[in-house]
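Novice: Contents are mmCIF, C-alpha atoms; file name input39.cif:
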```cif
data_query
#
loop_
_atom_site.label_atom_id
_atom_site.label_comp_id
_atom_site.auth_asym_id
_atom_site.auth_seq_id
_atom_site.Cartn_x
_atom_site.Cartn_y
_atom_site.Cartn_z
CA MET A 18 137.43 104.70 108.68
CA LEU A 19 138.60 102.72 105.68
CA LEU A 20 136.97 99.30 105.61
CA LEU A 21 138.99 96.36 104.38
CA PRO A 22 137.15 94.37 101.71
CA ASP A 23 136.46 91.42 104.01
CA GLU A 24 135.72 93.51 107.09
CA PRO A 25 131.96 93.61 107.57
CA GLU A 26 130.25 96.99 107.89
CA VAL A 27 127.87 97.58 110.78
CA THR A 28 125.08 95.06 110.39
CA ALA A 29 121.63 96.67 110.23
CA THR A 30 118.75 95.39 112.35
CA ILE A 31 115.28 95.40 110.90
CA THR A 32 111.97 94.72 112.63
CA ALA A 33 109.39 92.18 111.45
CA PHE A 34 106.20 90.56 112.75
CA GLU A 35 106.73 87.78 115.27
CA ASN A 36 103.63 86.18 113.78
CA SER A 37 102.82 87.64 110.38
CA PRO A 38 99.12 88.01 109.55
CA ASP A 39 99.87 86.87 105.99
CA ARG A 40 100.77 83.38 107.28
CA GLY A 41 104.21 83.33 105.67
CA ARG A 42 103.24 84.48 102.18
CA GLY A 43 105.87 87.22 102.26
CA LEU A 44 103.39 90.08 101.97
CA ALA A 45 104.48 91.89 105.13
CA ARG A 46 106.79 94.79 104.38
CA ASP A 47 109.89 93.30 105.96
CA MET A 48 109.95 91.06 102.84
CA GLN A 49 110.96 93.91 100.51
CA VAL A 50 113.73 95.03 102.86
CA ARG A 51 115.04 91.47 103.27
CA TRP A 52 114.99 91.13 99.48
CA ALA A 53 116.96 94.38 99.07
CA PHE A 54 119.63 93.27 101.55
CA GLU A 55 119.91 89.93 99.71
CA GLU A 56 120.24 91.65 96.30
CA VAL A 57 123.19 93.73 97.51
CA GLY A 58 124.72 90.83 99.46
CA GLN A 59 124.60 92.48 102.88
CA PRO A 60 123.76 90.60 106.09
CA TYR A 61 121.03 91.93 108.40
CA ASP A 62 119.64 91.08 111.79
CA VAL A 63 115.95 90.83 112.58
CA ARG A 64 114.14 91.83 115.75
CA LEU A 65 110.68 90.28 115.96
CA LEU A 66 107.73 92.17 117.42
CA SER A 67 104.34 91.06 118.70
CA PHE A 68 101.26 93.07 117.70
CA THR A 69 101.08 94.59 121.17
CA ALA A 70 104.77 95.58 121.06
CA LEU A 71 104.13 97.48 117.80
CA LYS A 72 101.92 99.99 119.56
CA GLU A 73 104.12 100.41 122.65
CA PRO A 74 106.05 103.67 123.15
CA ALA A 75 109.43 101.97 122.67
CA HIS A 76 108.50 101.01 119.10
CA VAL A 77 106.50 104.13 118.27
CA ALA A 78 109.67 106.08 119.11
CA LEU A 79 111.29 104.25 116.18
CA HIS A 80 108.25 104.08 113.89
CA PRO A 81 105.71 106.92 114.30
CA PHE A 82 102.92 104.80 112.78
CA GLY A 83 103.62 101.72 114.92
CA GLN A 84 104.37 99.45 111.98
CA ILE A 85 107.13 97.23 110.67
CA PRO A 86 109.74 97.42 109.24
CA THR A 87 112.21 99.77 110.83
CA CYS A 88 115.91 99.68 110.07
CA GLU A 89 118.46 100.52 112.77
CA GLU A 90 122.06 100.94 111.80
CA ASP A 91 124.81 102.62 113.75
CA GLY A 92 122.60 105.18 115.47
CA LEU A 93 120.36 105.82 112.47
CA VAL A 94 116.74 104.69 112.65
CA LEU A 95 114.68 104.62 109.47
CA PHE A 96 111.07 103.69 108.82
CA GLU A 97 109.03 103.24 105.61
CA SER A 98 110.15 100.34 103.46
CA GLY A 99 110.64 102.62 100.42
CA ALA A 100 113.05 104.85 102.33
CA ILE A 101 114.93 101.89 103.80
CA ILE A 102 115.36 100.31 100.38
CA LEU A 103 116.54 103.59 98.85
CA HIS A 104 119.03 103.89 101.72
CA ILE A 105 120.35 100.36 101.05
CA ALA A 106 120.45 101.00 97.30
CA GLU A 107 122.41 104.23 97.71
CA ARG A 108 125.07 102.54 99.83
CA HIS A 109 125.61 99.22 98.06
CA PRO A 110 125.76 98.38 94.36
CA GLY A 111 123.09 96.15 92.85
CA LEU A 112 119.81 98.03 93.11
CA LEU A 113 120.34 101.29 91.22
CA PRO A 114 122.24 102.07 88.01
CA LYS A 115 125.40 104.12 88.37
CA GLU A 116 124.64 106.41 85.42
CA PRO A 117 122.83 109.42 86.98
CA ASN A 118 119.92 109.65 84.53
CA ALA A 119 119.21 105.91 84.63
CA ARG A 120 119.46 106.07 88.42
CA ALA A 121 116.90 108.91 88.61
CA ARG A 122 114.54 106.95 86.33
CA ALA A 123 114.84 103.83 88.52
CA ILE A 124 113.91 105.99 91.52
CA SER A 125 110.87 107.22 89.54
CA TRP A 126 109.77 103.59 89.34
CA MET A 127 110.22 103.19 93.11
CA PHE A 128 107.81 106.08 93.67
CA ALA A 129 105.46 104.79 90.95
CA ALA A 130 105.28 101.43 92.71
CA LEU A 131 104.47 102.99 96.06
CA ASN A 132 102.33 105.97 95.06
CA THR A 133 100.63 104.96 91.79
CA ILE A 134 100.36 101.16 91.66
CA GLU A 135 100.14 100.14 95.31
CA PRO A 136 97.42 102.50 96.67
CA PRO A 137 94.53 101.06 94.62
CA ILE A 138 95.80 97.56 95.48
CA THR A 139 95.90 98.26 99.23
CA ALA A 140 92.45 99.89 98.94
CA ARG A 141 91.19 96.54 97.63
CA GLU A 142 92.96 94.74 100.49
CA ALA A 143 91.29 97.04 103.00
CA ALA A 144 87.89 96.28 101.46
CA VAL A 145 88.53 92.53 101.57
CA LEU A 146 89.76 92.65 105.16
CA THR A 147 87.23 95.02 106.71
CA GLU A 148 84.19 95.40 104.43
CA LYS A 149 83.48 91.81 103.45
CA ASP A 150 80.33 91.65 105.59
CA GLU A 151 79.04 95.05 104.52
CA PRO A 152 75.96 95.06 102.28
CA TRP A 153 77.83 96.99 99.57
CA TYR A 154 80.84 94.67 99.35
CA GLU A 155 79.88 92.74 96.19
CA ALA A 156 78.38 95.71 94.34
CA ARG A 157 81.36 97.95 95.07
CA MET A 158 84.17 95.54 94.17
CA PRO A 159 83.97 96.20 90.38
CA ILE A 160 84.66 99.90 91.06
CA VAL A 161 87.63 99.03 93.26
CA GLU A 162 89.02 96.62 90.69
CA ALA A 163 88.50 99.03 87.80
CA ARG A 164 90.85 101.47 89.58
CA ILE A 165 93.51 98.74 89.71
CA ARG A 166 92.87 97.60 86.12
CA ARG A 167 93.49 101.10 84.79
CA ARG A 168 96.92 101.14 86.41
CA LEU A 169 97.83 97.58 85.42
CA GLU A 170 96.96 98.24 81.81
CA ALA A 171 99.33 101.23 81.67
CA LEU A 172 102.03 99.27 83.48
CA SER A 173 101.63 96.32 81.11
CA ASN A 174 101.94 98.63 78.09
CA GLN A 175 105.06 100.16 79.55
CA LEU A 176 106.73 96.83 80.34
CA GLY A 177 105.93 95.27 76.96
CA ASN A 178 108.27 92.37 76.31
CA ALA A 179 111.08 93.65 78.50
CA ASP A 180 112.33 91.73 81.50
CA TRP A 181 112.40 94.77 83.81
CA LEU A 182 110.89 98.26 83.76
CA ASP A 183 113.96 100.19 82.62
CA GLY A 184 117.10 98.27 81.73
CA ASP A 185 118.57 96.07 84.46
CA PHE A 186 116.67 94.90 87.53
CA SER A 187 116.47 97.79 90.03
CA ALA A 188 114.92 98.83 93.33
CA GLY A 189 112.03 100.08 91.16
CA ASP A 190 111.34 96.53 89.99
CA LEU A 191 111.77 95.19 93.54
CA LEU A 192 109.05 97.54 94.84
CA MET A 193 106.82 97.14 91.78
CA ILE A 194 106.88 93.34 91.96
CA SER A 195 106.22 93.55 95.70
CA ALA A 196 103.19 95.78 95.06
CA LEU A 197 101.84 93.43 92.37
CA ARG A 198 102.32 90.41 94.66
CA ARG A 199 99.73 91.98 96.99
CA LEU A 200 97.09 91.10 94.37
CA GLY A 201 97.55 87.56 95.66
CA ARG A 202 95.06 85.06 94.31
CA SER A 203 92.91 87.63 92.50
CA SER A 204 92.64 87.22 88.75
CA LEU A 205 93.63 90.84 88.06
CA LEU A 206 97.28 90.05 87.52
CA LYS A 207 96.52 87.15 85.19
CA GLU A 208 94.75 89.53 82.81
CA HIS A 209 98.20 90.70 81.69
CA SER A 210 100.46 87.77 80.94
CA ASN A 211 103.54 90.00 80.75
CA LEU A 212 102.90 91.30 84.28
CA ALA A 213 102.33 87.79 85.64
CA ALA A 214 105.61 86.72 84.01
CA TYR A 215 107.33 89.82 85.41
CA VAL A 216 106.29 88.92 88.96
CA ALA A 217 107.37 85.29 88.41
CA ARG A 218 110.72 86.55 87.11
CA GLY A 219 111.23 88.56 90.29
CA GLU A 220 110.23 85.64 92.50
CA ALA A 221 112.72 83.40 90.68
CA ARG A 222 115.68 85.57 91.66
CA PRO A 223 117.95 83.84 94.19
CA ALA A 224 117.92 86.95 96.39
CA TYR A 225 114.12 86.92 96.46
CA GLN A 226 114.09 83.24 97.35
CA ARG A 227 116.55 83.66 100.22
CA ALA A 228 114.46 86.54 101.59
CA PHE A 229 111.24 84.57 101.20
CA GLU A 230 112.66 81.54 103.01
CA ALA A 231 113.94 83.73 105.84
CA GLN A 232 110.53 85.29 106.51
CA LEU A 233 108.82 81.90 106.12
CA GLU A 234 111.10 80.43 108.79
CA VAL A 235 109.86 83.09 111.21
CA PHE A 236 106.26 82.17 110.51
CA LYS A 237 106.95 78.43 110.84
CA ALA A 238 108.72 78.95 114.16
CA ALA A 239 105.80 81.02 115.46
CA SER A 240 103.30 78.39 114.31
CA LYS A 241 105.08 75.67 116.31
CA ASP A 242 104.61 77.52 119.59
CA MET B 28 131.76 121.99 83.64
CA LEU B 29 132.16 124.43 86.53
CA LEU B 30 129.15 126.74 86.71
CA LEU B 31 129.71 130.32 87.75
CA PRO B 32 127.35 131.40 90.52
CA ASP B 33 125.26 133.60 88.24
CA GLU B 34 125.28 131.26 85.27
CA PRO B 35 121.95 129.45 85.13
CA GLU B 36 121.91 125.67 84.89
CA VAL B 37 119.68 124.02 82.31
CA THR B 38 116.13 125.06 83.12
CA ALA B 39 113.80 122.11 83.70
CA THR B 40 110.39 121.94 82.03
CA ILE B 41 107.50 120.45 83.94
CA THR B 42 104.03 119.55 82.70
CA ALA B 43 100.79 120.75 84.30
CA PHE B 44 97.07 120.77 83.50
CA GLU B 45 95.98 123.43 81.01
CA ASN B 46 92.71 123.55 82.98
CA SER B 47 93.10 121.98 86.38
CA PRO B 48 90.10 120.05 87.71
CA ASP B 49 90.74 121.53 91.18
CA ARG B 50 89.86 125.02 89.88
CA GLY B 51 93.12 126.60 91.00
CA ARG B 52 93.21 125.28 94.56
CA GLY B 53 96.74 123.95 94.04
CA LEU B 54 95.84 120.30 94.57
CA ALA B 55 97.18 119.04 91.23
CA ARG B 56 100.59 117.50 91.57
CA ASP B 57 102.47 120.14 89.64
CA MET B 58 101.98 122.27 92.79
CA GLN B 59 104.45 120.22 94.87
CA VAL B 60 107.06 120.36 92.12
CA ARG B 61 106.62 124.12 91.64
CA TRP B 62 106.95 124.52 95.42
CA ALA B 63 110.17 122.48 95.46
CA PHE B 64 111.71 124.58 92.67
CA GLU B 65 110.77 127.75 94.56
CA GLU B 66 112.27 126.46 97.83
CA VAL B 67 115.62 125.84 96.16
CA GLY B 68 115.44 129.04 94.11
CA GLN B 69 115.58 127.40 90.71
CA PRO B 70 113.58 128.63 87.70
CA TYR B 71 111.43 126.17 85.77
CA ASP B 72 109.37 126.22 82.61
CA VAL B 73 105.86 124.80 82.34
CA ARG B 74 104.28 123.03 79.40
CA LEU B 75 100.48 122.89 79.72
CA LEU B 76 98.50 119.86 78.61
CA SER B 77 94.83 119.33 77.86
CA PHE B 78 93.09 116.20 79.21
CA THR B 79 93.14 114.65 75.76
CA ALA B 80 96.85 115.39 75.31
CA LEU B 81 97.57 113.49 78.56
CA LYS B 82 96.47 110.22 77.02
CA GLU B 83 98.18 110.71 73.67
CA PRO B 84 101.24 108.61 72.79
CA ALA B 85 103.58 111.63 72.86
CA HIS B 86 102.83 112.21 76.55
CA VAL B 87 102.51 108.54 77.54
CA ALA B 88 106.08 108.15 76.21
CA LEU B 89 107.12 110.59 78.94
CA HIS B 90 104.66 109.46 81.65
CA PRO B 91 103.59 105.80 81.52
CA PHE B 92 100.39 106.53 83.47
CA GLY B 93 99.37 109.54 81.34
CA GLN B 94 99.45 112.00 84.21
CA ILE B 95 101.12 115.25 85.24
CA PRO B 96 103.71 116.27 86.28
CA THR B 97 106.70 115.19 84.30
CA CYS B 98 110.07 116.92 84.52
CA GLU B 99 112.33 117.19 81.49
CA GLU B 100 115.85 118.43 81.95
CA ASP B 101 118.76 118.08 79.58
CA GLY B 102 117.68 114.74 78.10
CA LEU B 103 116.37 113.27 81.36
CA VAL B 104 112.63 112.69 81.69
CA LEU B 105 111.21 111.95 85.13
CA PHE B 106 107.67 111.24 86.29
CA GLU B 107 106.12 110.83 89.78
CA SER B 108 106.14 114.00 91.85
CA GLY B 109 107.98 112.28 94.72
CA ALA B 110 110.84 111.26 92.42
CA ILE B 111 111.01 114.69 90.81
CA ILE B 112 111.17 116.41 94.19
CA LEU B 113 113.86 114.03 95.43
CA HIS B 114 115.81 114.77 92.24
CA ILE B 115 115.53 118.53 92.83
CA ALA B 116 116.41 118.12 96.53
CA GLU B 117 119.51 116.07 95.75
CA ARG B 118 120.83 118.68 93.32
CA HIS B 119 120.11 121.95 95.11
CA PRO B 120 120.39 122.89 98.79
CA GLY B 121 117.25 123.77 100.72
CA LEU B 122 115.12 120.65 100.85
CA LEU B 123 117.28 118.00 102.54
CA PRO B 124 119.75 118.25 105.44
CA LYS B 125 123.42 117.77 104.56
CA GLU B 126 124.14 115.46 107.52
CA PRO B 127 123.64 111.92 106.13
CA ASN B 128 121.48 110.52 108.95
CA ALA B 129 119.20 113.57 109.06
CA ARG B 130 118.98 113.41 105.26
CA ALA B 131 117.92 109.73 105.35
CA ARG B 132 115.28 110.53 107.99
CA ALA B 133 113.88 113.40 105.88
CA ILE B 134 113.59 110.95 102.97
CA SER B 135 111.70 108.58 105.32
CA TRP B 136 109.16 111.37 105.77
CA MET B 137 108.86 111.80 101.98
CA PHE B 138 107.92 108.13 101.67
CA ALA B 139 105.64 108.33 104.74
CA ALA B 140 103.76 111.23 103.12
CA LEU B 141 103.27 109.36 99.85
CA ASN B 142 102.80 105.77 101.04
CA THR B 143 101.30 106.04 104.55
CA ILE B 144 99.41 109.35 104.85
CA GLU B 145 98.29 110.04 101.28
CA PRO B 146 96.71 106.68 100.25
CA PRO B 147 93.78 106.77 102.71
CA ILE B 148 93.26 110.44 101.79
CA THR B 149 93.15 109.74 98.05
CA ALA B 150 90.84 106.77 98.77
CA ARG B 151 88.42 109.27 100.34
CA GLU B 152 88.83 111.57 97.31
CA ALA B 153 88.02 108.69 94.98
CA ALA B 154 84.88 107.93 96.99
CA VAL B 155 83.77 111.59 96.92
CA LEU B 156 84.44 111.89 93.18
CA THR B 157 83.03 108.60 91.91
CA GLU B 158 80.79 107.00 94.58
CA LYS B 159 78.71 109.95 95.75
CA ASP B 160 75.56 108.63 94.05
CA GLU B 161 76.06 105.05 95.20
CA PRO B 162 73.63 103.76 97.84
CA TRP B 163 76.51 102.95 100.22
CA TYR B 164 78.18 106.36 100.10
CA GLU B 165 76.92 107.78 103.42
CA ALA B 166 77.14 104.50 105.34
CA ARG B 167 80.66 103.77 104.16
CA MET B 168 82.22 107.21 104.75
CA PRO B 169 82.85 106.64 108.50
CA ILE B 170 84.99 103.59 107.62
CA VAL B 171 86.95 105.61 105.05
CA GLU B 172 87.48 108.46 107.50
CA ALA B 173 88.48 106.15 110.36
CA ARG B 174 91.39 104.96 108.19
CA ILE B 175 92.53 108.57 107.79
CA ARG B 176 91.95 109.42 111.47
CA ARG B 177 94.23 106.58 112.58
CA ARG B 178 97.08 108.02 110.51
CA LEU B 179 96.45 111.63 111.47
CA GLU B 180 96.47 110.78 115.17
CA ALA B 181 99.89 109.14 114.87
CA LEU B 182 101.19 112.03 112.78
CA SER B 183 99.87 114.58 115.27
CA ASN B 184 101.57 112.74 118.14
CA GLN B 185 104.81 112.69 116.21
CA LEU B 186 104.72 116.38 115.31
CA GLY B 187 103.79 117.53 118.82
CA ASN B 188 104.69 121.20 119.24
CA ALA B 189 107.45 121.19 116.63
CA ASP B 190 107.32 123.39 113.55
CA TRP B 191 108.39 120.61 111.16
CA LEU B 192 108.58 116.82 111.31
CA ASP B 193 112.30 116.46 111.95
CA GLY B 194 114.37 119.59 112.47
CA ASP B 195 114.35 122.11 109.63
CA PHE B 196 111.72 122.24 106.89
CA SER B 197 112.47 119.50 104.36
CA ALA B 198 111.10 117.76 101.27
CA GLY B 199 109.37 115.45 103.78
CA ASP B 200 107.37 118.38 105.13
CA LEU B 201 106.68 119.64 101.61
CA LEU B 202 105.13 116.31 100.62
CA MET B 203 103.37 115.78 103.97
CA ILE B 204 101.74 119.22 103.91
CA SER B 205 100.75 118.62 100.28
CA ALA B 206 99.11 115.31 101.26
CA LEU B 207 97.25 116.91 104.19
CA ARG B 208 96.03 119.76 101.95
CA ARG B 209 94.11 117.14 99.94
CA LEU B 210 91.73 116.85 102.92
CA GLY B 211 90.40 120.18 101.69
CA ARG B 212 87.27 121.37 103.42
CA SER B 213 86.73 118.18 105.44
CA SER B 214 86.84 118.56 109.22
CA LEU B 215 89.40 115.77 109.65
CA LEU B 216 92.38 118.08 109.72
CA LYS B 217 90.74 120.44 112.22
CA GLU B 218 90.55 117.60 114.75
CA HIS B 219 94.28 118.10 115.35
CA SER B 220 95.09 121.76 115.87
CA ASN B 221 98.83 121.11 115.57
CA LEU B 222 98.36 119.54 112.12
CA ALA B 223 96.13 122.41 110.96
CA ALA B 224 98.80 124.86 112.16
CA TYR B 225 101.49 122.78 110.44
CA VAL B 226 99.69 123.03 107.10
CA ALA B 227 99.14 126.77 107.60
CA ARG B 228 102.86 127.15 108.39
CA GLY B 229 103.73 125.47 105.12
CA GLU B 230 101.26 127.57 103.16
CA ALA B 231 102.76 130.74 104.69
CA ARG B 232 106.20 130.05 103.25
CA PRO B 233 107.12 132.53 100.49
CA ALA B 234 108.14 129.65 98.21
CA TYR B 235 104.73 128.00 98.66
CA GLN B 236 102.99 131.27 97.91
CA ARG B 237 104.96 131.88 94.72
CA ALA B 238 104.17 128.34 93.56
CA PHE B 239 100.50 128.72 94.44
CA GLU B 240 100.19 132.00 92.56
CA ALA B 241 101.90 130.52 89.51
CA GLN B 242 99.47 127.60 89.27
CA LEU B 243 96.51 129.91 90.00
CA GLU B 244 97.54 132.14 87.09
CA VAL B 245 97.26 129.14 84.77
CA PHE B 246 93.75 128.41 85.99
CA LYS B 247 92.68 132.05 85.69
CA ALA B 248 94.02 132.26 82.15
CA ALA B 249 92.15 129.07 81.19
CA SER B 250 88.92 130.39 82.74
CA LYS B 251 89.06 133.55 80.62
CA ASP B 252 89.04 131.58 77.36
#
```
Rewrite the structure from the file as structure tokens, please.

Specialist:
Amino acid sequence: MLLLPDEPEVTATITAFENSPDRGRGLARDMQVRWAFEEVGQPYDVRLLSFTALKEPAHVALHPFGQIPTCEEDGLVLFESGAIILHIAERHPGLLPKEPNARARAISWMFAALNTIEPPITAREAAVLTEKDEPWYEARMPIVEARIRRRLEALSNQLGNADWLDGDFSAGDLLMISALRRLGRSSLLKEHSNLAAYVARGEARPAYQRAFEAQLEVFKAASKD
Amino acid sequence: MLLLPDEPEVTATITAFENSPDRGRGLARDMQVRWAFEEVGQPYDVRLLSFTALKEPAHVALHPFGQIPTCEEDGLVLFESGAIILHIAERHPGLLPKEPNARARAISWMFAALNTIEPPITAREAAVLTEKDEPWYEARMPIVEARIRRRLEALSNQLGNADWLDGDFSAGDLLMISALRRLGRSSLLKEHSNLAAYVARGEARPAYQRAFEAQLEVFKAASKD
């Protein structure tokens, strides 16, 4: 089927938390997917899920690990925010370069965000959330943070004075900035002024701001109940 | 340029450890890339690096985090094993379904392997490698393993009695089996007989075995020195 320019494609439906545990700070993983849709100028619908609904068979059939987000579109169901964003980026211009080598390098940065930078950051999150009352918490934190520092130092060296990791803003930057945002109020990010500026640059993008407002509205609505 | 069937394309060169810290068990990340090349029947060259060479500017220019593997091919330099494998899978048949929806789902499993299953497993590795002499090591391990168990249970439910995660063997299985292999001698994998059989099924593939032998040869040669 040939689509006319002003004829909308099938609108995708993503899932998100009905009541996000991050209290509207945009750290749940629907945020990245919303941001990607905004960057490429595509509308999307959102289906909100309670924590109990996440673990029910109907949702586990869509997401084997009982998490958000999923993305449903014309019979296709995807899970994993990285895969959903790659899918969006492959179908709409704005998130990956056209030139094949530059495109492959931008995809390298997507994987670097998710498999090199994010894991030590989520390991710290897990410690903060579930080991805060353990006797080892304070003594162990320097080890946890050293693992993050090692990665941030390499990332900072790579970024240098550039605006984005490799040429224009890409899905690699979107995922990298999202991973760095998970450092939240910790001082780790501030140790590299270029990385702090990089995150601020991402957050200043109109597409980011629209996505952020959209997820914040969900949290505000849930808080009113 | 139209390639004749028996005319080789440009052969890619990957990097690997000159002397792998895993002592030839195939847990270094060149293993996944070798396996991917073997599955698609493409030759590859290997450039071996010492630990000191990894951190030198010449290598950091290719890999911002000073790690292996990289993949160099006709002017393109890629890092991150997930990105390299996706690149191989996009260019040669054998690792991703042709049907677009099945292909997108297989890519979801690639990201699930690297961003959902592997991080709690590498967190356990980090504890074993660097916290074994800490006073909290024994007391904390059940928390670390519970995080892995939660993921393995969901993965086991998803796999059920199937041979592979979604239809034919794909790059998603290649990365998932590689992530599960990092559990090594721990009993965690044995708690789910279908996952243990899944890993064994992957390891029985001729392409896996050729890749394993190739990396083992490197370790044996280094041990003789």

Novice: Which polymer residues have any atom within 8 Å of an atom of Ala196 in chain A, counting all atoms listed in the file, with same-chain residues fewer than 5 positions away left out, as a list in words?

Specialist: Ala130, Leu131, Ile134, Glu135 and Ile138 of chain A

Novice: May I have the selected residues written with C-alpha atoms, as a PDB file, keeping the file's coordinate frame?

Specialist:
```
ATOM      1  CA  ALA A 130     105.280 101.430  92.710  1.00  0.00           C
ATOM      2  CA  LEU A 131     104.470 102.990  96.060  1.00  0.00           C
ATOM      3  CA  ILE A 134     100.360 101.160  91.660  1.00  0.00           C
ATOM      4  CA  GLU A 135     100.140 100.140  95.310  1.00  0.00           C
ATOM      5  CA  ILE A 138      95.800  97.560  95.480  1.00  0.00           C
TER       6      ILE A 138
END
```

Novice: Please measure the separation of CA of Cys98 in chain B and CA of Leu122 in chain B, giving the value in Å to one decimal.

Specialist: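 These two atoms are separated by 17.5 Å.
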
Novice: Quick one: distance from CA of Asp190 in chain B to CA of Glu230 in chain B in Å, one decimal?

Specialist: 12.7 Å

Novice: Find the residues around range 51-64 of chain B up to 8 Å (all atoms listed in the file counted), leave out those fewer than 2 positions away in its own chain, and share them as a ChimeraX atom specification.

Specialist: /B:41-44,47-49,66-71,95-96,108,111-112,115-116,122,198,201-202,205,208-209,234-235,237-239,242-243,245-247

Novice: Might you spell out which residues the PyMOL selection byres ((chain B and resi 199) around 8) would select in the displayed file, as an MDAnalysis selection string?

Specialist: chainID B and resid 133:138 140 192 196:198 200:203

Novice: Spell out the residues picked by the PyMOL selection byres ((chain A and resi 201-214) around 8) here, as a CSV table (one decimal) with C-alpha atoms, keeping the file's coordinate frame.

Specialist:
```
chain,number,residue,atom,x,y,z
A,162,GLU,CA,89.0,96.6,90.7
A,166,ARG,CA,92.9,97.6,86.1
A,169,LEU,CA,97.8,97.6,85.4
A,170,GLU,CA,97.0,98.2,81.8
A,173,SER,CA,101.6,96.3,81.1
A,176,LEU,CA,106.7,96.8,80.3
A,177,GLY,CA,105.9,95.3,77.0
A,178,ASN,CA,108.3,92.4,76.3
A,197,LEU,CA,101.8,93.4,92.4
A,198,ARG,CA,102.3,90.4,94.7
A,199,ARG,CA,99.7,92.0,97.0
A,200,LEU,CA,97.1,91.1,94.4
A,215,TYR,CA,107.3,89.8,85.4
A,216,VAL,CA,106.3,88.9,89.0
A,217,ALA,CA,107.4,85.3,88.4
A,218,ARG,CA,110.7,86.6,87.1
```

Novice: Need to verify the contact set: Pro147 in chain B, 9 Å, only C-alpha atoms, exclusion of same-chain residues closer than 2 positions in sequence. Can you return it as a ChimeraX atom specification?

Specialist: /A:136,140 /B:143-145,149-152,171-172,174-175,178

Novice: Just so the selection is clear, what residues does the PyMOL selection byres ((chain A) within 6 of (chain B)) cover here, as a ChimeraX atom specification?

Specialist: /A:82,93,97,100,118,125,131-132,136,171

Novice: Determine the nearest neighbour of Ser77 in chain B from the options B:Val37, B:Ala189, B:Val155, B:Ala249, counting only C-alpha atoms.

Specialist: B:Ala249

Novice: Quick check, in Å to one decimal: how far apart do CA of Gln84 in chain A and CA of Lys72 in chain A lie?

Specialist: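 CA of Lys72 in chain A lies at a distance of 8.0 Å from CA of Gln84 in chain A.
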
Novice: Might you pull out every residue within 8 Å of Glu90 in chain A, with all atoms listed in the file counted and same-chain residues fewer than 6 positions away left off, and present them as a compact mmCIF listing (two decimals) with C-alpha atoms, in the coordinates of the input?

Specialist:
```
# COMPACT_ATOMS: atom_id res chain seq x y z
CA VAL A 27 127.87 97.58 110.78
CA THR A 28 125.08 95.06 110.39
CA ALA A 29 121.63 96.67 110.23
CA THR A 30 118.75 95.39 112.35
```
